[in-house]
Each structure stands twice: as structure tokens, then as C-alpha cells.
>>> print(open('protein_36.cif').read())   # mmCIF, C-alpha atoms
data_input
loop_
_atom_site.label_atom_id
_atom_site.label_comp_id
_atom_site.auth_asym_id
_atom_site.auth_seq_id
_atom_site.Cartn_x
_atom_site.Cartn_y
_atom_site.Cartn_z
CA MET A 79 83.75 54.75 34.92
CA THR A 80 86.76 54.61 32.66
CA LEU A 81 89.06 51.63 32.73
CA THR A 82 92.61 52.77 33.44
CA ILE A 83 94.47 49.48 33.83
CA ALA A 84 95.99 48.21 30.60
CA PRO A 85 98.09 45.13 29.87
CA GLY A 86 101.78 45.71 29.29
CA PRO A 87 105.02 43.85 28.66
CA ALA A 88 106.04 41.50 31.46
CA THR A 89 109.61 41.18 32.69
CA THR A 90 111.61 39.13 35.16
CA SER A 91 112.94 40.68 38.38
CA THR A 92 116.15 41.55 36.48
CA GLY A 93 114.23 43.30 33.71
CA ALA A 94 114.57 40.60 31.07
CA PRO A 95 111.47 40.62 28.82
CA LEU A 96 109.02 37.72 28.89
CA PRO A 97 107.17 36.61 25.74
CA LEU A 98 103.79 37.75 27.10
CA VAL A 99 101.83 40.70 28.37
CA ALA A 100 100.32 40.96 31.84
CA LEU A 101 98.16 43.24 33.93
CA PRO A 102 100.15 45.58 36.15
CA GLN A 103 99.86 44.76 39.84
CA ALA A 104 101.28 47.27 42.28
CA GLU A 105 100.51 45.12 45.33
CA LEU A 106 99.19 41.71 46.33
CA LEU A 107 95.43 41.48 46.63
CA THR A 108 95.32 40.09 50.15
CA VAL A 109 93.30 40.45 53.34
CA ASN A 110 93.67 38.79 56.73
CA SER A 111 90.43 37.44 58.17
CA ASN A 112 91.72 38.28 61.67
CA ASP A 113 91.48 41.96 60.69
CA ILE A 114 87.92 41.72 59.33
CA PRO A 115 85.05 42.20 61.79
CA LEU A 116 82.43 39.49 62.10
CA ILE A 117 79.08 40.51 60.61
CA LYS A 118 76.61 38.86 62.97
CA ASN A 119 73.27 37.25 62.18
CA ALA A 120 73.72 38.23 58.53
CA LEU A 121 71.72 35.40 57.02
CA GLY A 122 69.60 34.53 60.03
CA PRO A 123 70.07 33.83 63.73
CA GLY A 124 73.48 32.32 64.45
CA ILE A 125 74.79 32.74 60.89
CA HIS A 126 77.72 35.16 60.72
CA PHE A 127 80.36 35.92 58.11
CA LYS A 128 83.53 37.78 57.26
CA PRO A 129 83.71 39.00 53.67
CA LEU A 130 86.91 38.08 51.86
CA ARG A 131 86.06 38.84 48.22
CA PHE A 132 83.08 40.12 46.26
CA ASP A 133 83.50 40.35 42.48
CA LEU A 134 80.30 42.04 41.35
CA GLU A 135 81.03 41.79 37.62
CA ALA A 136 81.89 38.08 37.65
CA GLY A 137 79.34 37.16 40.30
CA ARG A 138 81.94 35.46 42.48
CA TRP A 139 82.12 35.72 46.23
CA VAL A 140 84.25 34.26 48.99
CA VAL A 141 83.32 34.41 52.67
CA LEU A 142 84.45 32.92 55.93
CA ALA A 143 81.12 31.75 57.38
CA ILE A 144 80.60 31.00 61.06
CA PHE A 145 77.57 28.96 62.13
CA GLU A 146 76.43 28.57 65.71
CA PRO A 147 75.14 25.14 66.78
CA GLY A 148 71.54 24.70 65.61
CA SER A 149 71.72 27.31 62.85
CA ARG A 150 70.31 26.56 59.43
CA VAL A 151 70.38 28.07 55.92
CA PRO A 152 67.08 27.74 54.07
CA LEU A 153 66.63 25.36 51.16
CA HIS A 154 68.58 26.95 48.30
CA TYR A 155 69.34 26.45 44.63
CA HIS A 156 72.83 27.24 43.27
CA THR A 157 72.91 29.01 39.90
CA GLY A 158 76.64 28.28 39.66
CA ILE A 159 79.25 26.16 41.40
CA ALA A 160 80.06 26.42 45.09
CA GLU A 161 83.00 25.06 47.04
CA GLY A 162 83.44 24.78 50.77
CA TYR A 163 86.24 23.83 53.12
CA THR A 164 85.28 23.10 56.73
CA LEU A 165 87.83 24.52 59.16
CA SER A 166 86.11 23.52 62.42
CA GLY A 167 82.88 22.08 63.73
CA SER A 168 80.51 19.98 61.64
CA TRP A 169 77.49 20.34 59.39
CA HIS A 170 75.44 18.44 56.83
CA TYR A 171 72.69 18.92 54.32
CA LEU A 172 69.22 17.98 55.49
CA GLU A 173 68.87 15.95 52.30
CA TYR A 174 72.11 14.02 53.03
CA PRO A 175 72.12 13.47 56.82
CA ASP A 176 74.63 10.60 56.63
CA GLN A 177 77.29 12.73 54.89
CA LEU A 178 78.55 14.82 57.80
CA GLN A 179 81.12 17.45 56.88
CA THR A 180 83.79 17.91 59.57
CA ALA A 181 87.05 19.83 59.95
CA GLY A 182 89.17 19.11 56.88
CA SER A 183 86.23 18.27 54.59
CA TYR A 184 86.20 19.84 51.12
CA LEU A 185 82.91 19.93 49.23
CA PHE A 186 82.22 20.74 45.57
CA GLU A 187 78.65 21.60 44.56
CA PRO A 188 77.78 21.77 40.87
CA GLY A 189 75.51 24.50 39.56
CA GLY A 190 71.90 23.43 39.77
CA SER A 191 72.24 21.67 43.12
CA VAL A 192 69.53 22.13 45.77
CA HIS A 193 69.90 21.52 49.51
CA THR A 194 69.37 22.80 53.07
CA PHE A 195 72.41 23.58 55.25
CA VAL A 196 72.12 22.32 58.84
CA CYS A 197 74.52 22.84 61.72
CA PRO A 198 73.64 20.24 64.38
CA GLU A 199 72.41 21.52 67.73
CA SER A 200 74.66 18.91 69.33
CA ASN A 201 77.82 20.70 68.11
CA THR A 202 80.01 21.84 71.00
CA GLU A 203 81.67 24.59 68.95
CA ASP A 204 80.88 26.97 66.13
CA THR A 205 81.31 25.60 62.62
CA VAL A 206 83.67 27.62 60.43
CA LEU A 207 83.44 27.19 56.68
CA LEU A 208 85.49 28.87 53.95
CA THR A 209 83.12 29.18 50.98
CA TRP A 210 83.68 30.12 47.31
CA VAL A 211 80.54 30.72 45.25
CA GLU A 212 79.96 31.58 41.60
CA GLY A 213 76.51 32.97 40.89
CA ALA A 214 73.67 33.09 43.37
CA ASN A 215 71.91 31.07 46.00
CA ILE A 216 68.16 31.30 45.43
CA ASN A 217 66.66 30.66 48.87
CA PHE A 218 63.19 29.21 49.49
CA ASN A 219 60.81 28.92 52.43
CA GLU A 220 59.62 25.51 53.63
CA ASP A 221 56.41 25.88 51.60
CA GLY A 222 58.45 26.36 48.40
CA SER A 223 57.83 30.09 48.15
CA PHE A 224 60.66 32.49 47.36
CA HIS A 225 62.71 33.66 50.37
CA SER A 226 65.71 35.65 49.07
CA ILE A 227 68.71 35.78 46.77
CA LEU A 228 72.28 35.76 48.04
CA ASP A 229 74.99 36.68 45.56
CA ALA A 230 77.98 39.02 45.30
CA VAL A 231 75.74 42.08 44.89
CA SER A 232 73.46 41.32 47.85
CA GLY A 233 76.47 40.21 49.92
CA THR A 234 78.14 43.56 49.33
CA HIS A 235 74.90 45.27 50.34
CA LEU A 236 74.74 43.20 53.55
CA VAL A 237 78.31 44.22 54.40
CA GLU A 238 77.41 47.90 54.04
CA VAL A 239 74.03 47.85 55.78
CA LEU A 240 74.81 45.43 58.61
CA GLY A 241 78.32 46.82 59.09
CA GLU A 242 76.83 50.24 59.71
CA ALA A 243 73.97 48.92 61.88
CA GLN A 244 76.42 46.88 63.99
CA GLN A 245 78.88 49.83 64.13
CA LEU A 246 81.74 47.71 62.82
CA GLY A 247 83.73 50.54 61.25
CA PRO A 248 85.59 50.05 57.98
CA ILE A 249 85.33 46.53 56.55
CA THR A 250 88.11 45.60 54.16
CA TYR A 251 87.70 42.89 51.56
CA ILE A 252 88.92 42.27 48.02
CA GLY A 253 86.70 43.70 45.31
CA GLY A 254 86.65 42.38 41.84
CA GLY A 255 86.75 43.21 38.23
CA ALA A 256 87.50 46.53 36.70
CA ALA A 257 84.49 46.90 34.48
CA GLY A 258 84.49 50.16 32.65
CA VAL A 259 84.44 51.83 29.30
CA THR A 260 87.64 51.53 27.32
CA SER A 261 88.79 53.59 24.42
CA ARG A 262 91.63 52.73 22.11
CA SER A 263 93.68 55.56 20.74
CA GLY A 264 94.35 55.03 17.09
CA ALA A 265 96.45 56.77 14.50
#
>>> encode(input="protein_36.cif", output="C-alpha cells")
Amino acid sequence: MTLTIAPGPATTSTGAPLPLVALPQAELLTVNSNDIPLIKNALGPGIHFKPLRFDLEAGRWVVLAIFEPGSRVPLHYHTGIAEGYTLSGSWHYLEYPDQLQTAGSYLFEPGGSVHTFVCPESNTEDTVLLTWVEGANINFNEDGSFHSILDAVSGTHLVEVLGEAQQLGPITYIGGGAAGVTSRSGA
């Protein structure tokens, strides 16, 4: 792959030059979650998601996750930071049962944190969580044995495989990076 995007002079809307260079951007990088199909049971029963962004080179991923009452993500270790904003419903970590996250809650998780996501069975609605993750979640079984890895690469794979299996049609999300080989022409 050859990198074709190159920085160039930046200007105002009237064409006046700015004292910097910028990457050219022909359009906004935007998606609407209402137009993205729900990938069901992607991480286990009752755990669904809509992909918003997968940056394979940087290892960053953003998803809109939907959890049915009683669903649970296995014990996992974060290799990088994670951030979550609860849009509806409620959830908590098994290790912190008294710190219920409800609609409007924002959570920051430092790299190296370990916990088990639990959506209470008593919830009367699905829990919707907007999640930003850098790096991977290393998931473990209850006996401490390895379960799986979830990161931008495996998330992209899940979109492709489960999207096809669930006959969801095209799934649009924002990709990332523009890794490639560059060459500089010189005199």
C-alpha cells in the first residue's frame, strides 16, 4: 500500500494562508448510528454492538454497545485506557457493586485495570453504552484461564464475520490510519 495523502498548506475559507500545514480532508469523517445495523450476540448472549470506528494501526476502537438485562462481559484486563458514557439503563463491575453506572455516567478506566462487566437482571431496559478503547481487552474465564482478546483487529473481524452470518448487508464505520509506504521525491 502506498500512502497518497500528504500534508499541505492550510488556508481560511477566503483563501488566506495560515501559518501551518494540515492533512487534506475532502469530507467529514462521520457516521450515524441509526444507519448502522446492530450486530447481535457479538461478545456473548445479549451483548450487541454497532461499530463506529476501528483504527487498526493505532489500536483504537469506538462502539455503541447494547447489553440486555442479565448480560455479562467476562473478567478482562485493559492494555490501554477505556472510556464509557452510559446513555440508558444501568450496569456495574462485579468488583465494585456499589458503584452503579446509570444514564449520564461517564467512566474512565486506566490501562492495567481489571474487572467484570455486569448488567443487572433487574434492569427493565437494555443498557446502551458508548465506549472508546485504546488497546485490547484480554478476557479470562472464571478459573483464570485465557478466554479471548478483543481489540480493533478482532472487532473488525467480528463485524465482517457476524455481519455476513446475520445477513446485515454493508456495515459502514470509520476506519483509521493511513499506514503505508511513503517515498519522498528529491532533487
>>> atom_distance(input="protein_36.cif", atom1="CA of Val109 in chain A", atom2="CA of Pro188 in chain A")
27.3 Å
>>> closest_residue(input="protein_36.cif", among="A:Pro198, A:Gly241, A:Pro175, A:Gly162", to="Val140 in chain A", atoms="only C-alpha atoms")
A:Gly162
>>> atom_distance(input="protein_36.cif", atom1="CA of Val99 in chain A", atom2="CA of Trp210 in chain A")
28.3 Å
>>> resolve_selection(input="protein_36.cif", expression="the PyMOL selection byres ((chain A and resi 247) around 12)", output="mmCIF file with C-alpha atoms, in the frame of the given file")
data_model
loop_
_atom_site.group_PDB
_atom_site.id
_atom_site.type_symbol
_atom_site.label_atom_id
_atom_site.label_comp_id
_atom_site.auth_asym_id
_atom_site.auth_seq_id
_atom_site.Cartn_x
_atom_site.Cartn_y
_atom_site.Cartn_z
ATOM 1 C CA ASP A 113 91.480 41.960 60.690
ATOM 2 C CA ILE A 114 87.920 41.720 59.330
ATOM 3 C CA PRO A 115 85.050 42.200 61.790
ATOM 4 C CA LEU A 116 82.430 39.490 62.100
ATOM 5 C CA ILE A 117 79.080 40.510 60.610
ATOM 6 C CA VAL A 237 78.310 44.220 54.400
ATOM 7 C CA GLU A 238 77.410 47.900 54.040
ATOM 8 C CA VAL A 239 74.030 47.850 55.780
ATOM 9 C CA LEU A 240 74.810 45.430 58.610
ATOM 10 C CA GLY A 241 78.320 46.820 59.090
ATOM 11 C CA GLU A 242 76.830 50.240 59.710
ATOM 12 C CA ALA A 243 73.970 48.920 61.880
ATOM 13 C CA GLN A 244 76.420 46.880 63.990
ATOM 14 C CA GLN A 245 78.880 49.830 64.130
ATOM 15 C CA LEU A 246 81.740 47.710 62.820
ATOM 16 C CA PRO A 248 85.590 50.050 57.980
ATOM 17 C CA ILE A 249 85.330 46.530 56.550
ATOM 18 C CA THR A 250 88.110 45.600 54.160
#
>>> atom_distance(input="protein_36.cif", atom1="CA of Val196 in chain A", atom2="CA of His156 in chain A")
16.3 Å
>>> resolve_selection(input="protein_36.cif", expression="the PyMOL selection byres ((chain A and resi 159) around 10)", output="list in words")
Arg138, His156, Thr157, Gly158, Ala160, Glu161, Phe186, Glu187, Pro188, Gly189, Gly190, Ser191, Trp210, Val211, Glu212, Gly213, Ala214 and Asn215 of chain A
>>> residues_around(input="protein_36.cif", residues="Ile125 in chain A", least_positions_apart="3", cutoff="9 Å", atoms="only C-alpha atoms", output="list of chain:residue names")
A:Ile117, A:Lys118, A:Asn119, A:Ala120, A:Leu121, A:Gly122, A:Ala143, A:Ile144, A:Phe145, A:Glu146, A:Ser149, A:Arg150, A:Val151
>>> resolve_selection(input="protein_36.cif", expression="the PyMOL selection byres ((chain A and resi 195) around 9)", output="PyMOL selection string")
chain A and resi 149-154+169-173+193-194+196-197
>>> residues_near_point(input="protein_36.cif", point="(97.8, 45.3, 32.1)", cutoff="9 Å", atoms="all atoms listed in the file", output="list in words")
Ile83, Ala84, Pro85, Gly86, Pro87, Val99, Ala100, Leu101, Pro102 and Gln103 of chain A
>>> residues_near_point(input="protein_36.cif", point="(84.3, 19.3, 66.4)", cutoff="9 Å", atoms="all atoms listed in the file", output="ChimeraX atom specification")
/A:166-168,180-181,201-205
>>> write_last_selection(input="protein_36.cif", atoms="C-alpha atoms", output="PDB file, in the coordinates of the input")
ATOM      1  CA  SER A 166      86.110  23.520  62.420  1.00  0.00           C
ATOM      2  CA  GLY A 167      82.880  22.080  63.730  1.00  0.00           C
ATOM      3  CA  SER A 168      80.510  19.980  61.640  1.00  0.00           C
ATOM      4  CA  THR A 180      83.790  17.910  59.570  1.00  0.00           C
ATOM      5  CA  ALA A 181      87.050  19.830  59.950  1.00  0.00           C
ATOM      6  CA  ASN A 201      77.820  20.700  68.110  1.00  0.00           C
ATOM      7  CA  THR A 202      80.010  21.840  71.000  1.00  0.00           C
ATOM      8  CA  GLU A 203      81.670  24.590  68.950  1.00  0.00           C
ATOM      9  CA  ASP A 204      80.880  26.970  66.130  1.00  0.00           C
ATOM     10  CA  THR A 205      81.310  25.600  62.620  1.00  0.00           C
TER      11      THR A 205
END
>>> closest_residue(input="protein_36.cif", among="A:Ala88, A:Tyr155, A:Ala104, A:Asn112", to="Ser226 in chain A", atoms="all atoms listed in the file")
A:Tyr155
>>> closest_residue(input="protein_36.cif", among="A:Thr92, A:Ser200, A:Val206, A:Asn110", to="Gly182 in chain A", atoms="all atoms listed in the file")
A:Val206
>>> residues_around(input="protein_36.cif", residues="Thr234 in chain A", least_positions_apart="6", cutoff="9 Å", atoms="only C-alpha atoms", output="ChimeraX atom specification")
/A:129,132,134
>>> closest_residue(input="protein_36.cif", among="A:Ala94, A:Val192, A:Ile216, A:Leu130", to="Thr108 in chain A", atoms="only C-alpha atoms")
A:Leu130
>>> axis_aligned_box(input="protein_36.cif", around="range 130-137 of chain A", padding_each_side="3 Å", output="JSON")
{"center_x": 83.1, "center_y": 39.6, "center_z": 44.7, "size_x": 13.6, "size_y": 10.9, "size_z": 20.2}
>>> closest_residue(input="protein_36.cif", among="A:Leu236, A:Leu207, A:Leu142, A:Ile252", to="Thr164 in chain A", atoms="only C-alpha atoms")
A:Leu207
>>> build_atoms(input="protein_36.cif", residues="range 187-198 of chain A", atoms="all heavy atoms", output="PDB file, keeping the file's coordinate frame")
ATOM      1  N   GLU A 187      80.070  21.650  44.921  1.00  0.00           N
ATOM      2  CA  GLU A 187      78.650  21.600  44.560  1.00  0.00           C
ATOM      3  C   GLU A 187      78.494  22.109  43.144  1.00  0.00           C
ATOM      4  O   GLU A 187      78.829  23.264  42.861  1.00  0.00           O
ATOM      5  CB  GLU A 187      77.835  22.476  45.509  1.00  0.00           C
ATOM      6  CG  GLU A 187      77.963  22.092  46.954  1.00  0.00           C
ATOM      7  CD  GLU A 187      77.338  23.111  47.885  1.00  0.00           C
ATOM      8  OE1 GLU A 187      76.854  24.155  47.415  1.00  0.00           O
ATOM      9  OE2 GLU A 187      77.347  22.861  49.088  1.00  0.00           O
ATOM     10  N   PRO A 188      77.983  21.294  42.236  1.00  0.00           N
ATOM     11  CA  PRO A 188      77.780  21.770  40.870  1.00  0.00           C
ATOM     12  C   PRO A 188      76.610  22.749  40.800  1.00  0.00           C
ATOM     13  O   PRO A 188      75.722  22.728  41.656  1.00  0.00           O
ATOM     14  CB  PRO A 188      77.449  20.480  40.099  1.00  0.00           C
ATOM     15  CG  PRO A 188      76.952  19.527  41.125  1.00  0.00           C
ATOM     16  CD  PRO A 188      77.613  19.896  42.422  1.00  0.00           C
ATOM     17  N   GLY A 189      76.653  23.621  39.796  1.00  0.00           N
ATOM     18  CA  GLY A 189      75.510  24.500  39.560  1.00  0.00           C
ATOM     19  C   GLY A 189      74.266  23.653  39.380  1.00  0.00           C
ATOM     20  O   GLY A 189      74.318  22.555  38.838  1.00  0.00           O
ATOM     21  N   GLY A 190      73.146  24.151  39.872  1.00  0.00           N
ATOM     22  CA  GLY A 190      71.900  23.430  39.770  1.00  0.00           C
ATOM     23  C   GLY A 190      71.595  22.553  40.966  1.00  0.00           C
ATOM     24  O   GLY A 190      70.544  21.917  41.021  1.00  0.00           O
ATOM     25  N   SER A 191      72.506  22.497  41.945  1.00  0.00           N
ATOM     26  CA  SER A 191      72.240  21.670  43.120  1.00  0.00           C
ATOM     27  C   SER A 191      71.287  22.394  44.082  1.00  0.00           C
ATOM     28  O   SER A 191      71.227  23.620  44.118  1.00  0.00           O
ATOM     29  CB  SER A 191      73.546  21.276  43.820  1.00  0.00           C
ATOM     30  OG  SER A 191      74.268  22.419  44.217  1.00  0.00           O
ATOM     31  N   VAL A 192      70.535  21.609  44.833  1.00  0.00           N
ATOM     32  CA  VAL A 192      69.530  22.130  45.770  1.00  0.00           C
ATOM     33  C   VAL A 192      69.699  21.400  47.095  1.00  0.00           C
ATOM     34  O   VAL A 192      69.768  20.160  47.120  1.00  0.00           O
ATOM     35  CB  VAL A 192      68.096  21.894  45.243  1.00  0.00           C
ATOM     36  CG1 VAL A 192      67.063  22.404  46.236  1.00  0.00           C
ATOM     37  CG2 VAL A 192      67.900  22.529  43.886  1.00  0.00           C
ATOM     38  N   HIS A 193      69.742  22.146  48.197  1.00  0.00           N
ATOM     39  CA  HIS A 193      69.900  21.520  49.510  1.00  0.00           C
ATOM     40  C   HIS A 193      69.646  22.522  50.628  1.00  0.00           C
ATOM     41  O   HIS A 193      69.529  23.724  50.385  1.00  0.00           O
ATOM     42  CB  HIS A 193      71.296  20.901  49.662  1.00  0.00           C
ATOM     43  CG  HIS A 193      72.366  21.747  49.055  1.00  0.00           C
ATOM     44  ND1 HIS A 193      73.066  21.355  47.947  1.00  0.00           N
ATOM     45  CD2 HIS A 193      72.819  22.973  49.370  1.00  0.00           C
ATOM     46  CE1 HIS A 193      73.924  22.311  47.611  1.00  0.00           C
ATOM     47  NE2 HIS A 193      73.794  23.298  48.460  1.00  0.00           N
ATOM     48  N   THR A 194      69.612  22.009  51.861  1.00  0.00           N
ATOM     49  CA  THR A 194      69.370  22.800  53.070  1.00  0.00           C
ATOM     50  C   THR A 194      70.527  22.583  54.023  1.00  0.00           C
ATOM     51  O   THR A 194      70.763  21.459  54.482  1.00  0.00           O
ATOM     52  CB  THR A 194      68.054  22.334  53.752  1.00  0.00           C
ATOM     53  OG1 THR A 194      67.011  22.320  52.786  1.00  0.00           O
ATOM     54  CG2 THR A 194      67.697  23.238  54.907  1.00  0.00           C
ATOM     55  N   PHE A 195      71.249  23.644  54.354  1.00  0.00           N
ATOM     56  CA  PHE A 195      72.410  23.580  55.250  1.00  0.00           C
ATOM     57  C   PHE A 195      71.937  23.481  56.694  1.00  0.00           C
ATOM     58  O   PHE A 195      71.119  24.284  57.143  1.00  0.00           O
ATOM     59  CB  PHE A 195      73.269  24.827  55.060  1.00  0.00           C
ATOM     60  CG  PHE A 195      74.499  24.874  55.908  1.00  0.00           C
ATOM     61  CD1 PHE A 195      75.727  24.529  55.381  1.00  0.00           C
ATOM     62  CD2 PHE A 195      74.440  25.271  57.238  1.00  0.00           C
ATOM     63  CE1 PHE A 195      76.874  24.579  56.158  1.00  0.00           C
ATOM     64  CE2 PHE A 195      75.576  25.330  58.021  1.00  0.00           C
ATOM     65  CZ  PHE A 195      76.795  24.977  57.483  1.00  0.00           C
ATOM     66  N   VAL A 196      72.483  22.498  57.432  1.00  0.00           N
ATOM     67  CA  VAL A 196      72.120  22.320  58.840  1.00  0.00           C
ATOM     68  C   VAL A 196      73.382  22.181  59.682  1.00  0.00           C
ATOM     69  O   VAL A 196      74.266  21.379  59.380  1.00  0.00           O
ATOM     70  CB  VAL A 196      71.263  21.037  59.027  1.00  0.00           C
ATOM     71  CG1 VAL A 196      70.967  20.794  60.497  1.00  0.00           C
ATOM     72  CG2 VAL A 196      69.986  21.134  58.226  1.00  0.00           C
ATOM     73  N   CYS A 197      73.447  22.957  60.735  1.00  0.00           N
ATOM     74  CA  CYS A 197      74.520  22.840  61.720  1.00  0.00           C
ATOM     75  C   CYS A 197      73.892  22.170  62.952  1.00  0.00           C
ATOM     76  O   CYS A 197      72.988  22.753  63.564  1.00  0.00           O
ATOM     77  CB  CYS A 197      75.064  24.225  62.052  1.00  0.00           C
ATOM     78  SG  CYS A 197      76.582  24.180  62.985  1.00  0.00           S
ATOM     79  N   PRO A 198      74.300  20.965  63.298  1.00  0.00           N
ATOM     80  CA  PRO A 198      73.640  20.240  64.380  1.00  0.00           C
ATOM     81  C   PRO A 198      73.634  20.992  65.709  1.00  0.00           C
ATOM     82  O   PRO A 198      74.623  21.623  66.080  1.00  0.00           O
ATOM     83  CB  PRO A 198      74.461  18.945  64.512  1.00  0.00           C
ATOM     84  CG  PRO A 198      75.140  18.790  63.196  1.00  0.00           C
ATOM     85  CD  PRO A 198      75.401  20.188  62.715  1.00  0.00           C
TER      86      PRO A 198
END
